[in-house]
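> Sharing a structure below in structure tokens format, with a few things to ask.
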Amino acid sequence: MRTFELMPQRLDRVLKMECKVEVIVNTQLKQAIQMVNNKLLARDPEEKQLFEIMLLSTHSAEGGVRIINSINYYGLEISKFCFLNGTDPSKYLHSHNVKLFLSACESAVCNALKKGIPAALMIHQQYQTAESQLKVAFDGDSVLFSDEADVVFREKGLDGVIKYEKDLEHVPIGEGPLKEFAMILGEMKKKFNPENDPICTYLVTARSGNDLGIRAIKTLRDWGLKIDEAFFMAGAPKGPILFHIQPHIFFDDNARNIKGAREYGIPSAFVPSGCE
């Protein structure tokens, strides 16, 4: 499963302002990914469902020499590189079977989302997270789920969305842009006993539990997606609970929540909505 790209921290600061490097993955996340791969292979040496990190860059091949040298210097296990000389990388994502595209360039992320590829704008953050598990946290609406509740909220307010959710309580919510990636993590988790599971997933949503939680939980059940821990925050700031969780990455479509996560040192990825 091809998912992430990685760019060393120093070079990232040089390049991402020009949208030259299309994906950034911090070292701790990469190490956690490799840990999951190692455990999958220890369980079954013939395992095919593994993470694979690939780098797509709009640099030319000549300019890529510096990138390859930096990756080798940091000892990062990446063997697949695509140097596209200014070409939009999103056109190659399907051919490489990419299941998650992380980029420092918003236009590249939007192009990927429009092609149906799970994608997010990676926000660089210094942090330290334990490597005993790969921890991934998702927002609900407009990330795991579709934006239908957000649309109703904007049009009819809180009372309107509560009524909408109550009327459709037994109807699954539509799929959001990160649902496919979450399902892949869920498939990987099923290969392990709960006590040895190297992946931990979280739902951290602004929904309230009493009014808006039931449909969300029933939707996850209908999808067959097991989330380890779910937090219905009722609009409260997410930063404090994320600080306790210490995820390797947190996906959200709300800039305020991304800012709040960063204030607590949590690496975050912004999922833009309404890409035109």
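Letters for chains follow the order of the structure tokens (A, B, ...), residue numbers begin at 1 for each chain, and ligand numbers begin at 1 in the order shown.
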DSSP on the backbone: what in segment 19-243 of chain A comes out strand (DSSP E or B), as a PDB file with all heavy atoms, in the first residue's frame?

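File written: states16.pdb
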```pdb
ATOM      1  N   VAL A  21       8.379  20.340  -2.749  1.00  0.00           N
ATOM      2  CA  VAL A  21       8.312  18.971  -2.242  1.00  0.00           C
ATOM      3  C   VAL A  21       6.866  18.670  -1.914  1.00  0.00           C
ATOM      4  O   VAL A  21       6.246  19.372  -1.132  1.00  0.00           O
ATOM      5  CB  VAL A  21       9.197  18.809  -0.997  1.00  0.00           C
ATOM      6  CG1 VAL A  21       9.062  17.407  -0.437  1.00  0.00           C
ATOM      7  CG2 VAL A  21      10.644  19.099  -1.367  1.00  0.00           C
ATOM      8  N   GLU A  52       4.097   1.542   2.249  1.00  0.00           N
ATOM      9  CA  GLU A  52       5.237   1.884   1.411  1.00  0.00           C
ATOM     10  C   GLU A  52       5.304   3.398   1.280  1.00  0.00           C
ATOM     11  O   GLU A  52       4.299   4.048   0.965  1.00  0.00           O
ATOM     12  CB  GLU A  52       5.113   1.261   0.017  1.00  0.00           C
ATOM     13  CG  GLU A  52       6.301   1.558  -0.877  1.00  0.00           C
ATOM     14  CD  GLU A  52       6.183   0.885  -2.238  1.00  0.00           C
ATOM     15  OE1 GLU A  52       5.059   0.454  -2.586  1.00  0.00           O
ATOM     16  OE2 GLU A  52       7.197   0.813  -2.945  1.00  0.00           O
ATOM     17  N   MET A  54       6.695   6.652  -0.596  1.00  0.00           N
ATOM     18  CA  MET A  54       7.207   7.070  -1.887  1.00  0.00           C
ATOM     19  C   MET A  54       7.313   8.585  -1.903  1.00  0.00           C
ATOM     20  O   MET A  54       6.486   9.283  -1.319  1.00  0.00           O
ATOM     21  CB  MET A  54       6.269   6.601  -3.001  1.00  0.00           C
ATOM     22  CG  MET A  54       6.743   6.944  -4.397  1.00  0.00           C
ATOM     23  SD  MET A  54       5.643   6.258  -5.664  1.00  0.00           S
ATOM     24  CE  MET A  54       4.178   7.242  -5.389  1.00  0.00           C
ATOM     25  N   LEU A  55       8.333   9.111  -2.551  1.00  0.00           N
ATOM     26  CA  LEU A  55       8.508  10.550  -2.650  1.00  0.00           C
ATOM     27  C   LEU A  55       8.192  11.030  -4.045  1.00  0.00           C
ATOM     28  O   LEU A  55       8.740  10.533  -5.024  1.00  0.00           O
ATOM     29  CB  LEU A  55       9.946  10.942  -2.273  1.00  0.00           C
ATOM     30  CG  LEU A  55      10.202  12.457  -2.178  1.00  0.00           C
ATOM     31  CD1 LEU A  55      11.203  12.762  -1.091  1.00  0.00           C
ATOM     32  CD2 LEU A  55      10.680  13.025  -3.505  1.00  0.00           C
ATOM     33  N   LEU A  56       7.276  11.974  -4.126  1.00  0.00           N
ATOM     34  CA  LEU A  56       6.959  12.654  -5.381  1.00  0.00           C
ATOM     35  C   LEU A  56       7.398  14.108  -5.231  1.00  0.00           C
ATOM     36  O   LEU A  56       7.008  14.779  -4.272  1.00  0.00           O
ATOM     37  CB  LEU A  56       5.456  12.614  -5.660  1.00  0.00           C
ATOM     38  CG  LEU A  56       4.839  11.283  -6.051  1.00  0.00           C
ATOM     39  CD1 LEU A  56       3.342  11.323  -5.843  1.00  0.00           C
ATOM     40  CD2 LEU A  56       5.156  10.973  -7.497  1.00  0.00           C
ATOM     41  N   SER A  57       8.209  14.586  -6.144  1.00  0.00           N
ATOM     42  CA  SER A  57       8.711  15.959  -6.064  1.00  0.00           C
ATOM     43  C   SER A  57       8.572  16.634  -7.415  1.00  0.00           C
ATOM     44  O   SER A  57       8.756  16.008  -8.467  1.00  0.00           O
ATOM     45  CB  SER A  57      10.183  15.961  -5.633  1.00  0.00           C
ATOM     46  OG  SER A  57      10.727  17.268  -5.743  1.00  0.00           O
ATOM     47  N   LYS A  80      11.573   4.529  -3.658  1.00  0.00           N
ATOM     48  CA  LYS A  80      10.833   4.997  -4.829  1.00  0.00           C
ATOM     49  C   LYS A  80      10.757   6.520  -4.837  1.00  0.00           C
ATOM     50  O   LYS A  80      10.275   7.135  -3.893  1.00  0.00           O
ATOM     51  CB  LYS A  80       9.441   4.388  -4.847  1.00  0.00           C
ATOM     52  CG  LYS A  80       9.474   2.884  -5.068  1.00  0.00           C
ATOM     53  CD  LYS A  80       8.124   2.335  -5.448  1.00  0.00           C
ATOM     54  CE  LYS A  80       8.252   0.849  -5.776  1.00  0.00           C
ATOM     55  NZ  LYS A  80       6.965   0.259  -6.164  1.00  0.00           N
ATOM     56  N   PHE A  81      11.233   7.112  -5.929  1.00  0.00           N
ATOM     57  CA  PHE A  81      11.247   8.559  -6.099  1.00  0.00           C
ATOM     58  C   PHE A  81      10.652   8.893  -7.462  1.00  0.00           C
ATOM     59  O   PHE A  81      10.902   8.185  -8.447  1.00  0.00           O
ATOM     60  CB  PHE A  81      12.675   9.108  -6.050  1.00  0.00           C
ATOM     61  CG  PHE A  81      13.395   8.869  -4.756  1.00  0.00           C
ATOM     62  CD1 PHE A  81      14.014   7.653  -4.501  1.00  0.00           C
ATOM     63  CD2 PHE A  81      13.463   9.858  -3.788  1.00  0.00           C
ATOM     64  CE1 PHE A  81      14.688   7.424  -3.319  1.00  0.00           C
ATOM     65  CE2 PHE A  81      14.134   9.632  -2.601  1.00  0.00           C
ATOM     66  CZ  PHE A  81      14.747   8.427  -2.360  1.00  0.00           C
ATOM     67  N   CYS A  82       9.908   9.975  -7.521  1.00  0.00           N
ATOM     68  CA  CYS A  82       9.420  10.498  -8.787  1.00  0.00           C
ATOM     69  C   CYS A  82       9.753  11.983  -8.839  1.00  0.00           C
ATOM     70  O   CYS A  82       9.237  12.763  -8.033  1.00  0.00           O
ATOM     71  CB  CYS A  82       7.911  10.308  -8.930  1.00  0.00           C
ATOM     72  SG  CYS A  82       7.369   8.593  -8.946  1.00  0.00           S
ATOM     73  N   PHE A  83      10.628  12.390  -9.759  1.00  0.00           N
ATOM     74  CA  PHE A  83      11.000  13.789  -9.942  1.00  0.00           C
ATOM     75  C   PHE A  83      10.304  14.287 -11.207  1.00  0.00           C
ATOM     76  O   PHE A  83      10.587  13.820 -12.314  1.00  0.00           O
ATOM     77  CB  PHE A  83      12.519  13.928 -10.034  1.00  0.00           C
ATOM     78  CG  PHE A  83      13.220  13.483  -8.787  1.00  0.00           C
ATOM     79  CD1 PHE A  83      13.975  12.324  -8.778  1.00  0.00           C
ATOM     80  CD2 PHE A  83      13.101  14.206  -7.603  1.00  0.00           C
ATOM     81  CE1 PHE A  83      14.621  11.899  -7.620  1.00  0.00           C
ATOM     82  CE2 PHE A  83      13.734  13.796  -6.444  1.00  0.00           C
ATOM     83  CZ  PHE A  83      14.496  12.643  -6.445  1.00  0.00           C
ATOM     84  N   VAL A  98      -1.690   5.066  -4.753  1.00  0.00           N
ATOM     85  CA  VAL A  98      -1.494   5.838  -3.526  1.00  0.00           C
ATOM     86  C   VAL A  98      -2.796   5.876  -2.736  1.00  0.00           C
ATOM     87  O   VAL A  98      -3.857   6.185  -3.265  1.00  0.00           O
ATOM     88  CB  VAL A  98      -1.018   7.265  -3.853  1.00  0.00           C
ATOM     89  CG1 VAL A  98      -1.031   8.150  -2.599  1.00  0.00           C
ATOM     90  CG2 VAL A  98       0.394   7.224  -4.438  1.00  0.00           C
ATOM     91  N   PHE A 101      -2.094  10.783   0.391  1.00  0.00           N
ATOM     92  CA  PHE A 101      -1.168  11.762  -0.166  1.00  0.00           C
ATOM     93  C   PHE A 101      -1.074  12.930   0.807  1.00  0.00           C
ATOM     94  O   PHE A 101      -2.068  13.597   1.081  1.00  0.00           O
ATOM     95  CB  PHE A 101      -1.680  12.236  -1.522  1.00  0.00           C
ATOM     96  CG  PHE A 101      -0.823  13.285  -2.181  1.00  0.00           C
ATOM     97  CD1 PHE A 101       0.461  12.996  -2.584  1.00  0.00           C
ATOM     98  CD2 PHE A 101      -1.321  14.562  -2.406  1.00  0.00           C
ATOM     99  CE1 PHE A 101       1.250  13.955  -3.204  1.00  0.00           C
ATOM    100  CE2 PHE A 101      -0.547  15.527  -3.026  1.00  0.00           C
ATOM    101  CZ  PHE A 101       0.744  15.229  -3.423  1.00  0.00           C
ATOM    102  N   LEU A 102       0.116  13.158   1.344  1.00  0.00           N
ATOM    103  CA  LEU A 102       0.354  14.277   2.259  1.00  0.00           C
ATOM    104  C   LEU A 102       1.297  15.256   1.580  1.00  0.00           C
ATOM    105  O   LEU A 102       2.347  14.860   1.065  1.00  0.00           O
ATOM    106  CB  LEU A 102       0.978  13.782   3.566  1.00  0.00           C
ATOM    107  CG  LEU A 102       0.155  12.781   4.378  1.00  0.00           C
ATOM    108  CD1 LEU A 102       0.934  12.323   5.601  1.00  0.00           C
ATOM    109  CD2 LEU A 102      -1.181  13.377   4.781  1.00  0.00           C
ATOM    110  N   SER A 103       0.916  16.520   1.584  1.00  0.00           N
ATOM    111  CA  SER A 103       1.709  17.511   0.867  1.00  0.00           C
ATOM    112  C   SER A 103       1.768  18.816   1.645  1.00  0.00           C
ATOM    113  O   SER A 103       0.896  19.106   2.475  1.00  0.00           O
ATOM    114  CB  SER A 103       1.097  17.772  -0.514  1.00  0.00           C
ATOM    115  OG  SER A 103       1.777  18.806  -1.182  1.00  0.00           O
ATOM    116  N   ALA A 119      -6.218  12.724   0.895  1.00  0.00           N
ATOM    117  CA  ALA A 119      -5.096  13.664   0.890  1.00  0.00           C
ATOM    118  C   ALA A 119      -5.303  14.718   1.966  1.00  0.00           C
ATOM    119  O   ALA A 119      -6.429  15.001   2.381  1.00  0.00           O
ATOM    120  CB  ALA A 119      -4.968  14.336  -0.479  1.00  0.00           C
ATOM    121  N   ALA A 120      -4.186  15.311   2.403  1.00  0.00           N
ATOM    122  CA  ALA A 120      -4.252  16.359   3.418  1.00  0.00           C
ATOM    123  C   ALA A 120      -3.010  17.226   3.333  1.00  0.00           C
ATOM    124  O   ALA A 120      -1.953  16.797   2.855  1.00  0.00           O
ATOM    125  CB  ALA A 120      -4.389  15.760   4.820  1.00  0.00           C
ATOM    126  N   LEU A 121      -3.162  18.448   3.817  1.00  0.00           N
ATOM    127  CA  LEU A 121      -2.070  19.414   3.855  1.00  0.00           C
ATOM    128  C   LEU A 121      -1.300  19.214   5.149  1.00  0.00           C
ATOM    129  O   LEU A 121      -1.821  19.448   6.235  1.00  0.00           O
ATOM    130  CB  LEU A 121      -2.627  20.831   3.777  1.00  0.00           C
ATOM    131  CG  LEU A 121      -1.637  21.984   3.686  1.00  0.00           C
ATOM    132  CD1 LEU A 121      -0.920  21.967   2.337  1.00  0.00           C
ATOM    133  CD2 LEU A 121      -2.355  23.322   3.883  1.00  0.00           C
ATOM    134  N   MET A 122      -0.062  18.767   5.036  1.00  0.00           N
ATOM    135  CA  MET A 122       0.736  18.442   6.217  1.00  0.00           C
ATOM    136  C   MET A 122       1.272  19.708   6.852  1.00  0.00           C
ATOM    137  O   MET A 122       1.889  20.542   6.180  1.00  0.00           O
ATOM    138  CB  MET A 122       1.880  17.510   5.824  1.00  0.00           C
ATOM    139  CG  MET A 122       2.582  16.877   6.999  1.00  0.00           C
ATOM    140  SD  MET A 122       1.524  15.696   7.849  1.00  0.00           S
ATOM    141  CE  MET A 122       2.566  15.254   9.235  1.00  0.00           C
ATOM    142  N   ILE A 123       1.043  19.853   8.163  1.00  0.00           N
ATOM    143  CA  ILE A 123       1.531  20.995   8.923  1.00  0.00           C
ATOM    144  C   ILE A 123       2.758  20.544   9.699  1.00  0.00           C
ATOM    145  O   ILE A 123       2.677  19.680  10.566  1.00  0.00           O
ATOM    146  CB  ILE A 123       0.460  21.531   9.890  1.00  0.00           C
ATOM    147  CG1 ILE A 123      -0.861  21.762   9.140  1.00  0.00           C
ATOM    148  CG2 ILE A 123       0.945  22.794  10.568  1.00  0.00           C
ATOM    149  CD1 ILE A 123      -0.794  22.778   8.026  1.00  0.00           C
ATOM    150  N   LEU A 134       1.401   2.863  16.141  1.00  0.00           N
ATOM    151  CA  LEU A 134       1.107   3.925  15.189  1.00  0.00           C
ATOM    152  C   LEU A 134      -0.241   4.512  15.585  1.00  0.00           C
ATOM    153  O   LEU A 134      -1.259   3.823  15.539  1.00  0.00           O
ATOM    154  CB  LEU A 134       1.050   3.366  13.771  1.00  0.00           C
ATOM    155  CG  LEU A 134       0.511   4.310  12.687  1.00  0.00           C
ATOM    156  CD1 LEU A 134       1.386   5.544  12.551  1.00  0.00           C
ATOM    157  CD2 LEU A 134       0.380   3.578  11.352  1.00  0.00           C
ATOM    158  N   LYS A 135      -0.252   5.774  15.996  1.00  0.00           N
ATOM    159  CA  LYS A 135      -1.472   6.418  16.472  1.00  0.00           C
ATOM    160  C   LYS A 135      -1.967   7.425  15.439  1.00  0.00           C
ATOM    161  O   LYS A 135      -1.243   8.353  15.073  1.00  0.00           O
ATOM    162  CB  LYS A 135      -1.219   7.130  17.805  1.00  0.00           C
ATOM    163  CG  LYS A 135      -0.849   6.193  18.948  1.00  0.00           C
ATOM    164  CD  LYS A 135      -0.689   6.976  20.242  1.00  0.00           C
ATOM    165  CE  LYS A 135      -0.430   6.063  21.423  1.00  0.00           C
ATOM    166  NZ  LYS A 135      -0.345   6.822  22.697  1.00  0.00           N
ATOM    167  N   VAL A 136      -3.213   7.236  14.991  1.00  0.00           N
ATOM    168  CA  VAL A 136      -3.804   8.097  13.977  1.00  0.00           C
ATOM    169  C   VAL A 136      -5.154   8.595  14.490  1.00  0.00           C
ATOM    170  O   VAL A 136      -6.011   7.786  14.863  1.00  0.00           O
ATOM    171  CB  VAL A 136      -3.993   7.359  12.638  1.00  0.00           C
ATOM    172  CG1 VAL A 136      -4.550   8.306  11.583  1.00  0.00           C
ATOM    173  CG2 VAL A 136      -2.663   6.766  12.162  1.00  0.00           C
ATOM    174  N   ALA A 137      -5.337   9.920  14.493  1.00  0.00           N
ATOM    175  CA  ALA A 137      -6.580  10.526  14.988  1.00  0.00           C
ATOM    176  C   ALA A 137      -7.307  11.221  13.840  1.00  0.00           C
ATOM    177  O   ALA A 137      -6.683  11.945  13.052  1.00  0.00           O
ATOM    178  CB  ALA A 137      -6.276  11.525  16.109  1.00  0.00           C
ATOM    179  N   PHE A 138      -8.617  10.997  13.767  1.00  0.00           N
ATOM    180  CA  PHE A 138      -9.445  11.567  12.708  1.00  0.00           C
ATOM    181  C   PHE A 138     -10.531  12.445  13.300  1.00  0.00           C
ATOM    182  O   PHE A 138     -11.161  12.077  14.304  1.00  0.00           O
ATOM    183  CB  PHE A 138     -10.141  10.464  11.900  1.00  0.00           C
ATOM    184  CG  PHE A 138      -9.233   9.511  11.188  1.00  0.00           C
ATOM    185  CD1 PHE A 138      -8.834   8.325  11.809  1.00  0.00           C
ATOM    186  CD2 PHE A 138      -8.791   9.764   9.901  1.00  0.00           C
ATOM    187  CE1 PHE A 138      -8.015   7.417  11.155  1.00  0.00           C
ATOM    188  CE2 PHE A 138      -7.975   8.857   9.246  1.00  0.00           C
ATOM    189  CZ  PHE A 138      -7.576   7.691   9.865  1.00  0.00           C
ATOM    190  N   ASP A 141     -16.878  14.810  10.769  1.00  0.00           N
ATOM    191  CA  ASP A 141     -17.511  15.421   9.599  1.00  0.00           C
ATOM    192  C   ASP A 141     -16.488  16.084   8.687  1.00  0.00           C
ATOM    193  O   ASP A 141     -15.589  16.796   9.136  1.00  0.00           O
ATOM    194  CB  ASP A 141     -18.565  16.434  10.042  1.00  0.00           C
ATOM    195  CG  ASP A 141     -19.692  15.773  10.824  1.00  0.00           C
ATOM    196  OD1 ASP A 141     -20.409  14.951  10.234  1.00  0.00           O
ATOM    197  OD2 ASP A 141     -19.822  16.054  12.029  1.00  0.00           O
ATOM    198  N   PHE A 145     -16.325  11.280   7.707  1.00  0.00           N
ATOM    199  CA  PHE A 145     -17.668  11.339   7.150  1.00  0.00           C
ATOM    200  C   PHE A 145     -17.741  12.440   6.090  1.00  0.00           C
ATOM    201  O   PHE A 145     -16.850  13.285   5.986  1.00  0.00           O
ATOM    202  CB  PHE A 145     -18.694  11.614   8.249  1.00  0.00           C
ATOM    203  CG  PHE A 145     -18.581  10.713   9.444  1.00  0.00           C
ATOM    204  CD1 PHE A 145     -18.542  11.236  10.732  1.00  0.00           C
ATOM    205  CD2 PHE A 145     -18.517   9.340   9.303  1.00  0.00           C
ATOM    206  CE1 PHE A 145     -18.432  10.415  11.841  1.00  0.00           C
ATOM    207  CE2 PHE A 145     -18.413   8.504  10.400  1.00  0.00           C
ATOM    208  CZ  PHE A 145     -18.370   9.044  11.683  1.00  0.00           C
ATOM    209  N   GLU A 175     -19.593   8.970   2.888  1.00  0.00           N
ATOM    210  CA  GLU A 175     -18.167   8.761   3.079  1.00  0.00           C
ATOM    211  C   GLU A 175     -17.398  10.071   2.923  1.00  0.00           C
ATOM    212  O   GLU A 175     -17.656  10.856   2.021  1.00  0.00           O
ATOM    213  CB  GLU A 175     -17.641   7.750   2.054  1.00  0.00           C
ATOM    214  CG  GLU A 175     -18.291   6.378   2.182  1.00  0.00           C
ATOM    215  CD  GLU A 175     -17.797   5.403   1.133  1.00  0.00           C
ATOM    216  OE1 GLU A 175     -16.906   5.793   0.351  1.00  0.00           O
ATOM    217  OE2 GLU A 175     -18.296   4.267   1.107  1.00  0.00           O
ATOM    218  N   ILE A 199      -1.454  -0.679  15.878  1.00  0.00           N
ATOM    219  CA  ILE A 199      -2.128   0.508  15.343  1.00  0.00           C
ATOM    220  C   ILE A 199      -3.256   0.900  16.290  1.00  0.00           C
ATOM    221  O   ILE A 199      -4.032   0.050  16.731  1.00  0.00           O
ATOM    222  CB  ILE A 199      -2.709   0.236  13.946  1.00  0.00           C
ATOM    223  CG1 ILE A 199      -1.607  -0.191  12.975  1.00  0.00           C
ATOM    224  CG2 ILE A 199      -3.434   1.470  13.414  1.00  0.00           C
ATOM    225  CD1 ILE A 199      -2.132  -0.667  11.631  1.00  0.00           C
ATOM    226  N   CYS A 200      -3.334   2.175  16.604  1.00  0.00           N
ATOM    227  CA  CYS A 200      -4.428   2.676  17.451  1.00  0.00           C
ATOM    228  C   CYS A 200      -5.077   3.857  16.738  1.00  0.00           C
ATOM    229  O   CYS A 200      -4.390   4.807  16.332  1.00  0.00           O
ATOM    230  CB  CYS A 200      -3.898   3.112  18.813  1.00  0.00           C
ATOM    231  SG  CYS A 200      -5.200   3.326  20.054  1.00  0.00           S
ATOM    232  N   THR A 201      -6.392   3.790  16.550  1.00  0.00           N
ATOM    233  CA  THR A 201      -7.121   4.835  15.842  1.00  0.00           C
ATOM    234  C   THR A 201      -8.091   5.546  16.777  1.00  0.00           C
ATOM    235  O   THR A 201      -8.632   4.951  17.704  1.00  0.00           O
ATOM    236  CB  THR A 201      -7.887   4.245  14.646  1.00  0.00           C
ATOM    237  OG1 THR A 201      -8.693   3.140  15.094  1.00  0.00           O
ATOM    238  CG2 THR A 201      -6.929   3.766  13.569  1.00  0.00           C
ATOM    239  N   TYR A 202      -8.312   6.820  16.484  1.00  0.00           N
ATOM    240  CA  TYR A 202      -9.128   7.672  17.348  1.00  0.00           C
ATOM    241  C   TYR A 202     -10.070   8.514  16.491  1.00  0.00           C
ATOM    242  O   TYR A 202      -9.700   8.986  15.419  1.00  0.00           O
ATOM    243  CB  TYR A 202      -8.253   8.632  18.162  1.00  0.00           C
ATOM    244  CG  TYR A 202      -7.185   7.973  18.991  1.00  0.00           C
ATOM    245  CD1 TYR A 202      -5.967   7.606  18.424  1.00  0.00           C
ATOM    246  CD2 TYR A 202      -7.381   7.722  20.350  1.00  0.00           C
ATOM    247  CE1 TYR A 202      -4.980   6.999  19.181  1.00  0.00           C
ATOM    248  CE2 TYR A 202      -6.394   7.126  21.111  1.00  0.00           C
ATOM    249  CZ  TYR A 202      -5.196   6.764  20.522  1.00  0.00           C
ATOM    250  OH  TYR A 202      -4.209   6.158  21.270  1.00  0.00           O
ATOM    251  N   LEU A 203     -11.279   8.693  16.992  1.00  0.00           N
ATOM    252  CA  LEU A 203     -12.212   9.673  16.446  1.00  0.00           C
ATOM    253  C   LEU A 203     -12.288  10.818  17.452  1.00  0.00           C
ATOM    254  O   LEU A 203     -12.641  10.603  18.617  1.00  0.00           O
ATOM    255  CB  LEU A 203     -13.597   9.057  16.238  1.00  0.00           C
ATOM    256  CG  LEU A 203     -14.724  10.030  15.836  1.00  0.00           C
ATOM    257  CD1 LEU A 203     -14.460  10.632  14.467  1.00  0.00           C
ATOM    258  CD2 LEU A 203     -16.088   9.327  15.860  1.00  0.00           C
ATOM    259  N   VAL A 204     -11.950  12.013  17.008  1.00  0.00           N
ATOM    260  CA  VAL A 204     -12.018  13.197  17.869  1.00  0.00           C
ATOM    261  C   VAL A 204     -12.874  14.220  17.124  1.00  0.00           C
ATOM    262  O   VAL A 204     -12.404  14.939  16.244  1.00  0.00           O
ATOM    263  CB  VAL A 204     -10.621  13.775  18.174  1.00  0.00           C
ATOM    264  CG1 VAL A 204     -10.736  14.935  19.164  1.00  0.00           C
ATOM    265  CG2 VAL A 204      -9.699  12.700  18.744  1.00  0.00           C
ATOM    266  N   THR A 205     -14.150  14.254  17.470  1.00  0.00           N
ATOM    267  CA  THR A 205     -15.112  15.034  16.710  1.00  0.00           C
ATOM    268  C   THR A 205     -15.750  16.134  17.552  1.00  0.00           C
ATOM    269  O   THR A 205     -15.912  15.982  18.769  1.00  0.00           O
ATOM    270  CB  THR A 205     -16.213  14.119  16.129  1.00  0.00           C
ATOM    271  OG1 THR A 205     -17.225  14.920  15.509  1.00  0.00           O
ATOM    272  CG2 THR A 205     -16.861  13.268  17.214  1.00  0.00           C
ATOM    273  N   GLU A 229     -10.794   4.443  20.138  1.00  0.00           N
ATOM    274  CA  GLU A 229     -11.313   5.384  21.119  1.00  0.00           C
ATOM    275  C   GLU A 229     -12.017   6.520  20.387  1.00  0.00           C
ATOM    276  O   GLU A 229     -11.518   7.006  19.361  1.00  0.00           O
ATOM    277  CB  GLU A 229     -10.186   5.938  22.001  1.00  0.00           C
ATOM    278  CG  GLU A 229      -9.459   4.865  22.801  1.00  0.00           C
ATOM    279  CD  GLU A 229      -8.358   5.427  23.691  1.00  0.00           C
ATOM    280  OE1 GLU A 229      -8.411   6.622  24.032  1.00  0.00           O
ATOM    281  OE2 GLU A 229      -7.426   4.659  24.026  1.00  0.00           O
ATOM    282  N   ALA A 230     -13.168   6.927  20.908  1.00  0.00           N
ATOM    283  CA  ALA A 230     -13.951   7.996  20.287  1.00  0.00           C
ATOM    284  C   ALA A 230     -14.240   9.086  21.314  1.00  0.00           C
ATOM    285  O   ALA A 230     -14.654   8.793  22.436  1.00  0.00           O
ATOM    286  CB  ALA A 230     -15.258   7.445  19.717  1.00  0.00           C
ATOM    287  N   PHE A 231     -14.025  10.326  20.901  1.00  0.00           N
ATOM    288  CA  PHE A 231     -14.224  11.471  21.782  1.00  0.00           C
ATOM    289  C   PHE A 231     -15.193  12.437  21.114  1.00  0.00           C
ATOM    290  O   PHE A 231     -14.898  12.996  20.055  1.00  0.00           O
ATOM    291  CB  PHE A 231     -12.887  12.176  22.060  1.00  0.00           C
ATOM    292  CG  PHE A 231     -11.876  11.301  22.742  1.00  0.00           C
ATOM    293  CD1 PHE A 231     -11.017  10.503  22.004  1.00  0.00           C
ATOM    294  CD2 PHE A 231     -11.791  11.267  24.130  1.00  0.00           C
ATOM    295  CE1 PHE A 231     -10.087   9.683  22.632  1.00  0.00           C
ATOM    296  CE2 PHE A 231     -10.870  10.451  24.763  1.00  0.00           C
ATOM    297  CZ  PHE A 231     -10.011   9.656  24.011  1.00  0.00           C
ATOM    298  N   PHE A 232     -16.367  12.617  21.730  1.00  0.00           N
ATOM    299  CA  PHE A 232     -17.371  13.562  21.242  1.00  0.00           C
ATOM    300  C   PHE A 232     -17.224  14.830  22.083  1.00  0.00           C
ATOM    301  O   PHE A 232     -17.647  14.878  23.239  1.00  0.00           O
ATOM    302  CB  PHE A 232     -18.768  12.954  21.347  1.00  0.00           C
ATOM    303  CG  PHE A 232     -18.970  11.781  20.420  1.00  0.00           C
ATOM    304  CD1 PHE A 232     -18.629  10.485  20.818  1.00  0.00           C
ATOM    305  CD2 PHE A 232     -19.469  11.968  19.144  1.00  0.00           C
ATOM    306  CE1 PHE A 232     -18.780   9.416  19.959  1.00  0.00           C
ATOM    307  CE2 PHE A 232     -19.630  10.887  18.274  1.00  0.00           C
ATOM    308  CZ  PHE A 232     -19.285   9.606  18.687  1.00  0.00           C
TER     309      PHE A 232
END
```
> Would you mind listing what lies within 12 Å of Ser208 of chain A as a PyMOL selection string, with only C-alpha atoms counted and same-chain residues fewer than 2 positions away left out?
chain A and resi 140+158+161-162+165+204-206+210-217+230-236
> Need the shell around segment 249-256 of chain A: protein/DNA/RNA residues with any atom at most 7 Å away, counting only C-alpha atoms. Skip same-chain ones fewer than 4 positions apart. Format as number ranges by chain?
A: 136-139, 142-143, 260, 267-273
> Do a neighbour search on Asp197 of chain A at 10 Å with only C-alpha atoms, toss out local chain neighbours closer than 3 positions, and write the hits as a list in words.
Val36, Lys39, Ser132, Gln133, Leu134, Met188, Lys189, Lys190, Lys191, Phe192, Asn193, Pro194 and Cys200 of chain A
> With C-alpha atoms retained, export the selected residues as a compact mmCIF listing (two decimals), in the first residue's frame.

```
# COMPACT_ATOMS: atom_id res chain seq x y z
CA VAL A 36 3.92 -1.83 11.83
CA LYS A 39 5.23 -6.69 12.98
CA SER A 132 5.11 1.33 20.43
CA GLN A 133 2.00 1.99 18.31
CA LEU A 134 1.11 3.93 15.19
CA MET A 188 -4.45 -4.08 9.12
CA LYS A 189 -5.69 -4.02 12.71
CA LYS A 190 -7.75 -7.16 12.14
CA LYS A 191 -4.54 -9.12 11.56
CA PHE A 192 -3.52 -8.70 15.23
CA ASN A 193 -4.92 -9.67 18.60
CA PRO A 194 -6.10 -6.59 20.54
CA CYS A 200 -4.43 2.68 17.45
```
